[in-house]
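J.: Before I ask anything, here is the structure I am working with.
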Amino acid sequence: MLRGYVLHTRPYRESSVLVNMLVDGHGRVDCVARIGSGKRSIKSILQPFQPLIFQLSGKSSLKNLYQVEAASAAVPLSGEVSFAGFYLNEILVRSLSVDHGAEQFFFTYHDTLMKMAAGFEQSQLRYFEVALLQELGLMPSLLEDISEHTIEADYYYRLLPEEGFVSALGPKQSHYAGSMLLNLANKQLCGDDFKSAKQLMRQLLVACIGDKPLKSRALFTQQVKPIER
């Protein structure tokens, strides 16, 4: 049996759904599942944040999903925190393909969901984004600039797309404090870092998710007091 999480589903032919999954040891997997009816229906467990065990079959890139069971209780993400979970799912669907499965990324995803359920902090999203970009080979060094000089906390840097950071003169909207870059690298983001870190990660994520608006971000903007993501 395999284990994994549903990232997204959509209708696919009669009484079936197309499922994008993150599977331990396999990464991104697209498959077809028959929902069934009555007591045999798997609709109630074929949901985001529900750990599953299952089998896959088929020789093509689109697999068949069967023998689906809940591995444990769903990760308890509720309210606005669930929107943060949907954000993780959406950027994974946008950035991962069956050709680059991120085979070991299941653990990063599961660990992030568990931490969010225990107590949400926006830094969890930033660290997840960094890990995803590192997995895809798109994350520049946060410890050295493109000349292999150590990032200095008291300096400012600008990002050269597909290259890395270079020293910049003084603070500007497009410049990043060295202290923030180091805190992001060391998973020590603090209050003054969050706005700048979010700006940086959005700039970097464009390379793998494109610039089409994310549906999960729209959920945040509809709330009176949205979580920063």
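Please note that chains go A, B, ... in the order of the structure tokens, that every chain numbers its residues from 1, and that ligands are numbered from 1 in the order shown.
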Which residues are close to region 1-11 of chain A, i.e. within 9 Å by only C-alpha atoms, leaving aside same-chain residues fewer than 2 positions away? Reply as a ChimeraX atom specification.
T.: /A:13-25,27,46-56,67,71,86,88-90,92-93,106,110
J.: Apply DSSP to the structure's backbone, then extract all residues of region 173-228 of chain A labelled helix (DSSP H, G or I) and return them as a ChimeraX atom specification.
T.: /A:178-185,191-209,215-221
J.: When you count only C-alpha atoms, which of these residues is closest to Ser41 (chain A): A:Glu69, A:Val130, A:Gly58, A:Ala207?
T.: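 Ranked by minimum distance to Ser41 (chain A), first place goes to A:Glu69.
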J.: So that I can check the surroundings of Ile209 (chain A), please list as a ChimeraX atom specification every protein, DNA and RNA residue that reaches within 12 Å of it, counting only C-alpha atoms and ignoring chain neighbours fewer than 2 positions away.
T.: /A:87-97,129,132-133,136,138,201-207,211-214
J.: Between CA of Arg126 (chain A) and CA of Tyr176 (chain A), what is the distance in Å, rounded to a tenth?
T.: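 If I compute the distance from CA of Arg126 (chain A) to CA of Tyr176 (chain A), I get 15.0 Å.
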J.: Could you pull the residues within 10 Å of region 152-168 of chain A, counting only C-alpha atoms, minus those fewer than 2 positions along the same chain, as a PyMOL selection string?
T.: chain A and resi 138-150+170-183+200+203-204+207
J.: For Phe120 (chain A), please output as a VMD selection string all residues within 12 Å (counting only C-alpha atoms; exclusion window: fewer than 6 positions along the same chain).
T.: chain A and resid 76 to 85 112 to 114 227 to 229
J.: For each of A:Glu135, A:Ala70, A:Ser57, A:Val75, take the minimum atom-to-atom distance to Asp30 (chain A), counting only C-alpha atoms, then give the residue where this is smallest.
T.: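 Closest to Asp30 (chain A), using only C-alpha atoms: A:Ser57.
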